[in-house]
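K.L.:
Below you'll find run_18.pdb; it's PDB, C-alpha atoms.
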```pdb
ATOM      1  CA  MET K 102       0.000   0.000   0.000
ATOM      2  CA  ASN K 103       2.782   2.450   0.859
ATOM      3  CA  LYS K 104       4.246   2.013  -2.616
ATOM      4  CA  LYS K 105       0.900   3.035  -4.126
ATOM      5  CA  LEU K 106       0.728   6.076  -1.847
ATOM      6  CA  GLU K 107       4.274   7.023  -2.787
ATOM      7  CA  THR K 108       3.519   6.648  -6.495
ATOM      8  CA  GLU K 109       0.320   8.714  -6.322
ATOM      9  CA  LEU K 110       1.966  11.408  -4.202
ATOM     10  CA  TYR K 111       4.946  11.653  -6.552
ATOM     11  CA  LYS K 112       2.680  11.704  -9.619
ATOM     12  CA  ALA K 113       0.499  14.482  -8.176
ATOM     13  CA  ALA K 114       3.571  16.498  -7.113
ATOM     14  CA  THR K 115       5.190  16.175 -10.525
ATOM     15  CA  LEU K 116       1.996  17.299 -12.252
ATOM     16  CA  ALA K 117       1.621  20.359 -10.021
ATOM     17  CA  PHE K 118       5.253  21.483 -10.219
ATOM     18  CA  GLU K 119       5.393  20.960 -13.993
ATOM     19  CA  GLU K 120       2.050  22.360 -15.102
ATOM     20  CA  LEU K 121       1.471  25.044 -12.499
ATOM     21  CA  GLY K 122       5.028  25.920 -11.469
ATOM     22  CA  PHE K 123       6.772  25.391 -14.818
ATOM     23  CA  LEU K 124       9.604  23.549 -13.056
ATOM     24  CA  LEU K 125      11.192  20.250 -14.008
ATOM     25  CA  PRO K 126      10.899  17.866 -11.070
ATOM     26  CA  THR K 127      13.274  14.925 -10.835
ATOM     27  CA  PRO K 128      13.151  11.785  -8.693
ATOM     28  CA  GLU K 129      16.915  11.929  -8.102
ATOM     29  CA  ILE K 130      18.199  14.277  -5.397
ATOM     30  CA  ASP K 131      21.810  15.454  -5.624
ATOM     31  CA  GLU K 132      23.927  16.566  -2.670
ATOM     32  CA  GLN K 133      23.154  20.276  -3.089
ATOM     33  CA  GLN K 134      19.432  19.557  -3.176
ATOM     34  CA  LEU K 135      19.688  17.182  -0.211
ATOM     35  CA  ASN K 136      21.465  19.788   1.922
ATOM     36  CA  ALA K 137      19.124  22.629   0.923
ATOM     37  CA  ARG K 138      17.539  24.411   3.890
ATOM     38  CA  VAL K 139      13.790  24.554   4.373
ATOM     39  CA  GLU K 140      12.371  27.912   3.195
ATOM     40  CA  ALA K 141       8.698  27.454   3.939
ATOM     41  CA  ALA K 142       6.137  24.783   4.644
ATOM     42  CA  VAL K 143       2.368  24.503   4.336
ATOM     43  CA  SER K 144      -0.029  21.777   5.296
ATOM     44  CA  ILE K 145      -3.515  20.777   4.237
ATOM     45  CA  ASP K 146      -6.026  18.746   6.247
ATOM     46  CA  PHE K 147      -8.450  16.496   4.428
ATOM     47  CA  GLU K 148     -11.419  14.413   5.559
ATOM     48  CA  GLY K 149     -13.202  11.615   3.762
ATOM     49  CA  PRO K 150     -13.005   7.812   3.565
ATOM     50  CA  PHE K 151      -9.673   8.362   5.267
ATOM     51  CA  SER K 152      -8.518  11.560   6.907
ATOM     52  CA  GLY K 153      -5.155  13.140   7.367
ATOM     53  CA  ASN K 154      -2.781  15.871   6.424
ATOM     54  CA  LEU K 155      -0.381  16.637   3.600
ATOM     55  CA  LEU K 156       2.716  18.618   4.518
ATOM     56  CA  LEU K 157       4.739  20.332   1.780
ATOM     57  CA  ARG K 158       8.191  21.776   2.524
ATOM     58  CA  ILE K 159      10.092  23.743  -0.077
ATOM     59  CA  CYS K 160      13.856  24.040   0.234
ATOM     60  CA  GLY K 161      16.882  25.790  -1.244
ATOM     61  CA  GLY K 162      15.623  29.035  -2.753
ATOM     62  CA  VAL K 163      13.027  27.513  -5.076
ATOM     63  CA  LEU K 164       9.997  29.336  -3.640
ATOM     64  CA  PRO K 165      10.566  32.787  -5.262
ATOM     65  CA  ILE K 166      11.216  31.095  -8.620
ATOM     66  CA  LEU K 167       8.127  28.934  -8.277
ATOM     67  CA  ALA K 168       5.893  31.899  -7.379
ATOM     68  CA  ALA K 169       7.288  34.073 -10.191
ATOM     69  CA  ASN K 170       6.734  31.226 -12.673
ATOM     70  CA  MET K 171       3.157  30.724 -11.532
ATOM     71  CA  LEU K 172       2.416  34.421 -11.934
ATOM     72  CA  GLY K 173       4.308  34.698 -15.224
ATOM     73  CA  GLU K 174       6.563  37.426 -13.803
ATOM     74  CA  GLU K 175      10.290  37.986 -14.134
ATOM     75  CA  GLU K 176      10.803  39.230 -10.576
ATOM     76  CA  ALA K 177      10.013  37.349  -7.393
ATOM     77  CA  PRO K 178       6.686  38.507  -5.945
ATOM     78  CA  SER K 179       6.107  39.529  -2.318
ATOM     79  CA  LYS K 180       6.534  36.973   0.484
ATOM     80  CA  SER K 181       2.785  36.769   0.992
ATOM     81  CA  LEU K 182       2.263  35.885  -2.679
ATOM     82  CA  GLN K 183       5.067  33.318  -2.424
ATOM     83  CA  TYR K 184       3.267  31.601   0.487
ATOM     84  CA  ASP K 185      -0.018  31.864  -1.407
ATOM     85  CA  ALA K 186       1.633  30.162  -4.402
ATOM     86  CA  LEU K 187       3.008  27.378  -2.202
ATOM     87  CA  GLY K 188      -0.446  26.859  -0.701
ATOM     88  CA  GLU K 189      -1.964  26.498  -4.161
ATOM     89  CA  ILE K 190       0.685  23.968  -5.177
ATOM     90  CA  ALA K 191      -0.097  21.952  -2.024
ATOM     91  CA  ASN K 192      -3.820  22.254  -2.734
ATOM     92  CA  VAL K 193      -3.396  20.940  -6.283
ATOM     93  CA  ILE K 194      -1.128  18.090  -5.126
ATOM     94  CA  CYS K 195      -3.604  17.065  -2.423
ATOM     95  CA  GLY K 196      -6.629  17.315  -4.711
ATOM     96  CA  ASN K 197      -4.989  15.186  -7.387
ATOM     97  CA  MET K 198      -3.465  12.644  -5.001
ATOM     98  CA  LEU K 199      -6.658  11.704  -3.117
ATOM     99  CA  PRO K 200      -8.677  10.247  -6.029
ATOM    100  CA  GLY K 201      -5.532   8.415  -7.149
ATOM    101  CA  ILE K 202      -5.423   6.671  -3.776
ATOM    102  CA  ALA K 203      -9.101   6.280  -2.941
ATOM    103  CA  GLY K 204     -10.744   6.185  -6.371
ATOM    104  CA  SER K 205     -12.735   8.891  -8.107
ATOM    105  CA  LYS K 206     -16.116   8.002  -6.589
ATOM    106  CA  ASN K 207     -15.100   8.890  -3.050
ATOM    107  CA  VAL K 208     -15.704  12.393  -1.762
ATOM    108  CA  PHE K 209     -13.141  14.280   0.327
ATOM    109  CA  HIS K 210     -13.365  17.640   1.987
ATOM    110  CA  VAL K 211     -10.053  19.448   1.561
ATOM    111  CA  ASN K 212      -9.392  22.376   3.912
ATOM    112  CA  PRO K 213      -7.543  25.522   2.810
ATOM    113  CA  PRO K 214      -3.738  25.422   3.170
ATOM    114  CA  ARG K 215      -2.236  26.773   6.381
ATOM    115  CA  MET K 216       1.197  27.337   7.872
ATOM    116  CA  ALA K 217       2.624  23.898   8.539
ATOM    117  CA  GLU K 218       2.578  22.149  11.852
ATOM    118  CA  THR K 219       4.075  18.691  11.898
ATOM    119  CA  PRO K 220       1.525  16.240  13.320
ATOM    120  CA  ASP K 221       2.499  13.931  16.169
ATOM    121  CA  LEU K 222       1.983  10.874  13.988
ATOM    122  CA  PRO K 223       4.814   9.568  11.802
ATOM    123  CA  PRO K 224       4.161  10.085   8.075
ATOM    124  CA  VAL K 225       2.657   7.137   6.212
ATOM    125  CA  VAL K 226       4.795   8.056   3.254
ATOM    126  CA  GLU K 227       7.433  10.677   2.435
ATOM    127  CA  VAL K 228       8.478  11.727  -1.049
ATOM    128  CA  GLN K 229      11.299  14.036  -2.116
ATOM    129  CA  VAL K 230      11.282  15.810  -5.456
ATOM    130  CA  GLY K 231      14.356  17.484  -6.944
ATOM    131  CA  LEU K 232      13.621  21.012  -8.193
ATOM    132  CA  GLY K 233      16.710  22.547  -9.806
ATOM    133  CA  ILE K 234      18.669  24.290  -7.041
ATOM    134  CA  GLY K 235      16.480  22.870  -4.301
ATOM    135  CA  ARG K 236      13.873  20.288  -3.494
ATOM    136  CA  ALA K 237      10.371  19.713  -2.179
ATOM    137  CA  ASP K 238       9.492  17.279   0.610
ATOM    138  CA  LEU K 239       6.005  15.838   0.754
ATOM    139  CA  LEU K 240       4.871  14.051   3.884
ATOM    140  CA  LEU K 241       1.506  12.327   4.078
ATOM    141  CA  PHE K 242      -0.010  11.765   7.508
ATOM    142  CA  VAL K 243      -3.096   9.598   7.763
ATOM    143  CA  SER K 244      -5.353   8.979  10.727
ATOM    144  CA  ARG K 245      -8.584   7.013  10.965
ATOM    145  CA  TYR K 246      -7.908   4.417   8.282
ATOM    146  CA  PRO K 247      -5.604   1.689   9.550
ATOM    147  CA  GLY K 248      -5.701  -0.204   6.240
ATOM    148  CA  LEU K 249      -3.788   2.559   4.495
ATOM    149  CA  THR K 250      -0.853   2.419   6.891
ATOM    150  CA  GLU K 251      -0.138  -1.264   6.359
ATOM    151  CA  GLY K 252       3.049  -1.692   4.382
TER     152      GLY K 252
ATOM    153  CA  MET O 193     -19.297  38.972 -27.940
ATOM    154  CA  ALA O 194     -16.769  40.073 -25.319
ATOM    155  CA  LEU O 195     -17.475  38.353 -21.994
ATOM    156  CA  ASN O 196     -17.471  40.055 -18.624
ATOM    157  CA  ILE O 197     -15.997  37.418 -16.308
ATOM    158  CA  LEU O 198     -15.938  37.149 -12.519
ATOM    159  CA  VAL O 199     -13.079  35.068 -11.055
ATOM    160  CA  VAL O 200     -13.742  33.860  -7.507
ATOM    161  CA  ASP O 201     -10.884  32.191  -5.607
ATOM    162  CA  ASP O 202      -9.377  32.825  -2.167
ATOM    163  CA  SER O 203      -5.870  32.576  -3.634
ATOM    164  CA  LYS O 204      -4.677  35.787  -5.278
ATOM    165  CA  VAL O 205      -2.060  33.759  -7.162
ATOM    166  CA  MET O 206      -4.719  31.386  -8.521
ATOM    167  CA  ARG O 207      -6.898  34.307  -9.601
ATOM    168  CA  ALA O 208      -3.889  35.751 -11.461
ATOM    169  CA  ILE O 209      -3.215  32.367 -13.100
ATOM    170  CA  ILE O 210      -6.845  32.017 -14.198
ATOM    171  CA  ILE O 211      -6.888  35.542 -15.670
ATOM    172  CA  LYS O 212      -3.547  34.966 -17.433
ATOM    173  CA  THR O 213      -4.867  31.662 -18.814
ATOM    174  CA  LEU O 214      -8.103  33.322 -19.945
ATOM    175  CA  ARG O 215      -6.056  35.820 -21.944
ATOM    176  CA  LEU O 216      -4.001  32.974 -23.477
ATOM    177  CA  SER O 217      -7.148  30.996 -24.295
ATOM    178  CA  GLN O 218      -8.132  33.546 -26.952
ATOM    179  CA  SER O 219     -11.553  33.921 -25.378
ATOM    180  CA  GLU O 220     -13.011  37.324 -26.166
ATOM    181  CA  LEU O 221     -12.758  39.159 -22.862
ATOM    182  CA  GLY O 222     -14.533  42.266 -21.670
ATOM    183  CA  GLU O 223     -14.107  43.302 -18.055
ATOM    184  CA  VAL O 224     -12.557  40.795 -15.656
ATOM    185  CA  TYR O 225     -13.565  41.120 -11.993
ATOM    186  CA  GLU O 226     -12.088  39.354  -8.975
ATOM    187  CA  ALA O 227     -13.466  38.221  -5.626
ATOM    188  CA  ALA O 228     -11.761  36.321  -2.782
ATOM    189  CA  ASP O 229     -14.867  34.451  -1.579
ATOM    190  CA  GLY O 230     -18.536  33.899  -2.323
ATOM    191  CA  GLN O 231     -19.721  36.860  -0.287
ATOM    192  CA  GLU O 232     -17.417  39.278  -2.115
ATOM    193  CA  ALA O 233     -18.548  37.744  -5.405
ATOM    194  CA  LEU O 234     -22.225  38.390  -4.644
ATOM    195  CA  LYS O 235     -21.371  42.044  -3.973
ATOM    196  CA  VAL O 236     -19.569  42.316  -7.332
ATOM    197  CA  LEU O 237     -22.580  40.725  -9.040
ATOM    198  CA  ASP O 238     -24.837  43.276  -7.382
ATOM    199  CA  GLY O 239     -23.072  46.164  -9.087
ATOM    200  CA  HIS O 240     -21.839  44.798 -12.418
ATOM    201  CA  TRP O 241     -23.079  42.884 -15.429
ATOM    202  CA  ILE O 242     -21.326  39.502 -15.460
ATOM    203  CA  ASP O 243     -21.617  36.956 -18.292
ATOM    204  CA  LEU O 244     -19.747  34.094 -16.648
ATOM    205  CA  ALA O 245     -18.406  33.235 -13.176
ATOM    206  CA  LEU O 246     -15.365  31.018 -12.621
ATOM    207  CA  VAL O 247     -15.636  29.797  -9.036
ATOM    208  CA  ASP O 248     -13.452  27.786  -6.636
ATOM    209  CA  ILE O 249     -15.213  25.386  -4.246
ATOM    210  CA  ASN O 250     -13.217  25.602  -1.019
ATOM    211  CA  MET O 251     -13.100  29.206   0.180
ATOM    212  CA  PRO O 252     -13.402  30.877   3.578
ATOM    213  CA  VAL O 253     -16.383  33.083   4.557
ATOM    214  CA  MET O 254     -18.665  31.677   1.828
ATOM    215  CA  ASP O 255     -17.644  28.662  -0.242
ATOM    216  CA  GLY O 256     -18.461  28.042  -3.889
ATOM    217  CA  GLY O 257     -21.373  25.698  -3.147
ATOM    218  CA  GLU O 258     -23.205  28.223  -0.989
ATOM    219  CA  MET O 259     -22.453  31.012  -3.447
ATOM    220  CA  ILE O 260     -24.000  29.027  -6.312
ATOM    221  CA  ASP O 261     -27.078  28.201  -4.200
ATOM    222  CA  ARG O 262     -27.539  31.939  -3.470
ATOM    223  CA  LEU O 263     -27.117  32.777  -7.170
ATOM    224  CA  ARG O 264     -29.760  30.263  -8.142
ATOM    225  CA  GLN O 265     -32.208  31.618  -5.536
ATOM    226  CA  ASN O 266     -31.954  35.175  -6.872
ATOM    227  CA  PRO O 267     -34.010  35.730 -10.078
ATOM    228  CA  ALA O 268     -31.441  38.295 -11.284
ATOM    229  CA  THR O 269     -28.591  35.754 -11.198
ATOM    230  CA  ALA O 270     -30.426  32.417 -11.386
ATOM    231  CA  ASP O 271     -29.308  31.777 -14.967
ATOM    232  CA  LEU O 272     -25.739  33.051 -14.659
ATOM    233  CA  PRO O 273     -23.381  30.516 -16.308
ATOM    234  CA  VAL O 274     -20.922  29.147 -13.749
ATOM    235  CA  ILE O 275     -17.787  27.053 -14.130
ATOM    236  CA  ILE O 276     -16.161  25.502 -11.078
ATOM    237  CA  VAL O 277     -12.350  25.696 -11.210
ATOM    238  CA  SER O 278     -11.099  23.269  -8.603
ATOM    239  CA  THR O 279      -8.863  20.355  -7.680
ATOM    240  CA  GLU O 280     -12.016  18.341  -6.954
ATOM    241  CA  GLY O 281     -11.371  14.768  -8.050
ATOM    242  CA  SER O 282     -14.619  13.114  -7.025
ATOM    243  CA  GLU O 283     -16.760  12.069  -9.995
ATOM    244  CA  THR O 284     -19.728  11.906  -7.601
ATOM    245  CA  ARG O 285     -19.435  15.626  -6.809
ATOM    246  CA  LYS O 286     -18.719  16.539 -10.431
ATOM    247  CA  GLU O 287     -21.862  14.704 -11.549
ATOM    248  CA  VAL O 288     -23.949  16.707  -9.074
ATOM    249  CA  LEU O 289     -22.477  19.893 -10.568
ATOM    250  CA  ARG O 290     -23.157  18.722 -14.130
ATOM    251  CA  GLN O 291     -26.773  18.029 -13.253
ATOM    252  CA  LYS O 292     -27.078  21.626 -12.059
ATOM    253  CA  GLY O 293     -25.742  22.811 -15.431
ATOM    254  CA  ILE O 294     -22.431  23.902 -13.955
ATOM    255  CA  GLY O 295     -19.208  23.476 -15.918
ATOM    256  CA  PHE O 296     -16.024  22.082 -14.425
ATOM    257  CA  VAL O 297     -12.312  22.746 -14.982
ATOM    258  CA  HIS O 298      -9.763  20.684 -13.109
ATOM    259  CA  LYS O 299      -6.632  22.314 -11.651
ATOM    260  CA  PRO O 300      -4.038  22.398 -13.107
ATOM    261  CA  PHE O 301      -5.607  23.513 -16.388
ATOM    262  CA  THR O 302      -4.457  24.673 -19.800
ATOM    263  CA  PRO O 303      -5.735  27.562 -21.937
ATOM    264  CA  GLU O 304      -7.362  24.915 -24.156
ATOM    265  CA  SER O 305      -9.203  23.161 -21.320
ATOM    266  CA  LEU O 306     -10.440  26.499 -19.979
ATOM    267  CA  ARG O 307     -11.567  27.632 -23.440
ATOM    268  CA  ASP O 308     -13.352  24.296 -24.037
ATOM    269  CA  ALA O 309     -15.172  24.512 -20.701
ATOM    270  CA  ILE O 310     -16.275  28.079 -21.446
ATOM    271  CA  SER O 311     -17.436  27.142 -24.902
ATOM    272  CA  LYS O 312     -19.293  24.059 -23.581
ATOM    273  CA  THR O 313     -20.954  25.976 -20.757
ATOM    274  CA  LEU O 314     -22.002  28.940 -22.882
ATOM    275  CA  GLY O 315     -22.769  26.698 -25.869
ATOM    276  CA  GLY O 316     -25.024  24.565 -23.687
ATOM    277  CA  LEU O 317     -26.795  27.729 -22.661
ATOM    278  CA  ASP O 318     -27.324  28.738 -26.302
ATOM    279  CA  GLU O 319     -28.714  25.275 -27.077
ATOM    280  CA  GLN O 320     -31.184  25.583 -24.215
ATOM    281  CA  LYS O 321     -32.163  29.056 -25.410
ATOM    282  CA  THR O 322     -32.853  27.934 -28.950
ATOM    283  CA  GLY O 323     -34.162  24.511 -27.917
ATOM    284  CA  ASP O 324     -37.253  25.259 -25.905
ATOM    285  CA  GLY O 325     -37.119  29.016 -25.595
ATOM    286  CA  THR O 326     -37.736  28.887 -21.869
ATOM    287  CA  LEU O 327     -34.387  30.212 -20.652
TER     288      LEU O 327
END
```
Any chance you could put this one into C-alpha cells?

P.N.:
Amino acid sequence: MNKKLETELYKAATLAFEELGFLLPTPEIDEQQLNARVEAAVSIDFEGPFSGNLLLRICGGVLPILAANMLGEEEAPSKSLQYDALGEIANVICGNMLPGIAGSKNVFHVNPPRMAETPDLPPVVEVQVGLGIGRADLLLFVSRYPGLTEG
Amino acid sequence: MALNILVVDDSKVMRAIIIKTLRLSQSELGEVYEAADGQEALKVLDGHWIDLALVDINMPVMDGGEMIDRLRQNPATADLPVIIVSTEGSETRKEVLRQKGIGFVHKPFTPESLRDAISKTLGGLDEQKTGDGTL
C-alpha cells in the first residue's frame, strides 16, 4: 500500500510542479538539493473515507522562482504571494493525489492550506522531489484508516 | 461577444493564473472582476453585469457551493453561467455539478481546457435558449 501512496503522491507532485510551477521535477536528489535548507512549509487537512494531512516543505531558494513562474513574472513577488503560491501547489497536489489513492467516486473535503505544523503521527509516506537548485518534501499523515498504513 | 468574467478564488495567485490563462485561451474578454470568496462575489454581481463566473469550491467566509445556491435563488442571477475551477477529483461531486448545469475545470488547467469549458458551458446555454425558448 505504501508504494501506491508514494507513487500517487509523486505523480500528483510532478503534475503540479510541472504544469502550475513550470519547473522540471526529478526523482533523483543530488547533494546540493539534499542539503538545501527549508524555506517554507504549508499543510492541508483532508477528511473523507480516510482523513489526514499533507505537509509540503520547499527548500533551497526555489519558492521565489516557483511563485514568479506561476504568476508569469520575471521578478520574485512579495513573500505573501510566495506563500499563497506554495499553498496552491499543495492544494493541487492534495486534490490530485486523493482520487488516485481512494478512487474517483469517493468524496473528500479538503481544507484551505495553512502554515505547517508537523503532526504527532509519523508520516505514512514521504516523497522528495528534486527542483533545480532545491527540493520539495512531501509528507503524508493519515489517521482514521488503519488499512492505508499497512506496508 | 466580449465576456465580462468574474473570477472567484481565495488565492490571489490562482486568480492571477486564471486571468492569465483566460487571456491565453483567446476567449473574447470584456471586463474581468475578482473576488476572494462567495460573499465578495455576490457584492460584485450586485453592481456589475457579469456573463460568466469562474468559481473555486473551497473558500473561507462563503464557499463556492453556498455562493451558487444563493445565485440560483436570486431571479437576477439564477441563470448566470458558472464554471467551477477546482482540484475536486470526485466524480460523484462533479456529476452533481453537471446536473445543475455547472461546468467544471480541473486544476491544473491549460488555456485549451479552460476555453473548451467556457465554450461548452455557454454553448449549452445557447442550445437551451434555442431549444425550448424557456431560458

K.L.:
List, as a PyMOL selection string, every residue that the PyMOL selection byres ((chain K and resi 163) around 8) selects in the file provided.

P.N.:
chain K and resi 159-162+164-167+232-236

K.L.:
Show me, as JSON, the centre and edge lengths in Å to one decimal of the axis-aligned box that covers every listed atom of segment 130-146 of chain K with 8 Å on each side.

P.N.:
```
{"center_x": 9.0, "center_y": 21.1, "center_z": 0.3, "size_x": 46.0, "size_y": 29.6, "size_z": 27.9}
```

K.L.:
Mind listing as a ChimeraX atom specification which residues of chain K are within 7 Å of chain O, counting only C-alpha atoms?

P.N.:
/K:117,120-121,171-172,182,185-186,193,196-197,200,205-208,213

K.L.:
Anything within 9 Å of (-2.2, 9.1, -1.2): list those residues as a PyMOL selection string, counting only C-alpha atoms and sticking to the file's coordinates.

P.N.:
chain K and resi 103+105-110+195+198-203+226+241+249

K.L.:
Taking the file as I've supplied it (selection: the PyMOL selection byres ((chain K and resi 145) around 9)), which residues are included? Please answer as a list in words.

P.N.:
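Those residues are Val143, Ser144, Asp146, Phe147, Gly153, Asn154, Leu155, Leu156, Leu157, Gly188, Ala191, Asn192, Cys195, Val211, Asn212, Pro213, Pro214, Arg215, Met216 and Ala217 of chain K.
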
K.L.:
Evaluate the PyMOL selection byres ((chain O and resi 254-259) around 9) and record the selected residues as number ranges by chain, following the chain and residue labels used in the document.

P.N.:
O: 200-201, 229-234, 247-253, 260-264, 276

K.L.:
So what do you get for atom CA of Leu198 of chain O versus atom CA of Ser181 of chain K, distance-wise?

P.N.:
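Separating atom CA of Leu198 of chain O from atom CA of Ser181 of chain K is a distance of 23.1 Å.
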
K.L.:
Mind pulling up the distance from atom CA of Lys104 of chain K to atom CA of Gly204 of chain K?

P.N.:
16.0 Å

K.L.:
Rounded to one decimal, what separation in Å do you get between atom CA of Tyr225 of chain O and atom CA of Asp238 of chain O?

P.N.:
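That distance, rounded to one decimal, is 12.4 Å.
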
K.L.:
With distances taken over all atoms listed in the file, which residue among K:Glu132, K:Glu148, K:Ala141, K:Leu125 lies nearest Phe209 of chain K?

P.N.:
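That would be K:Glu148, the residue with the smallest distance to Phe209 of chain K.
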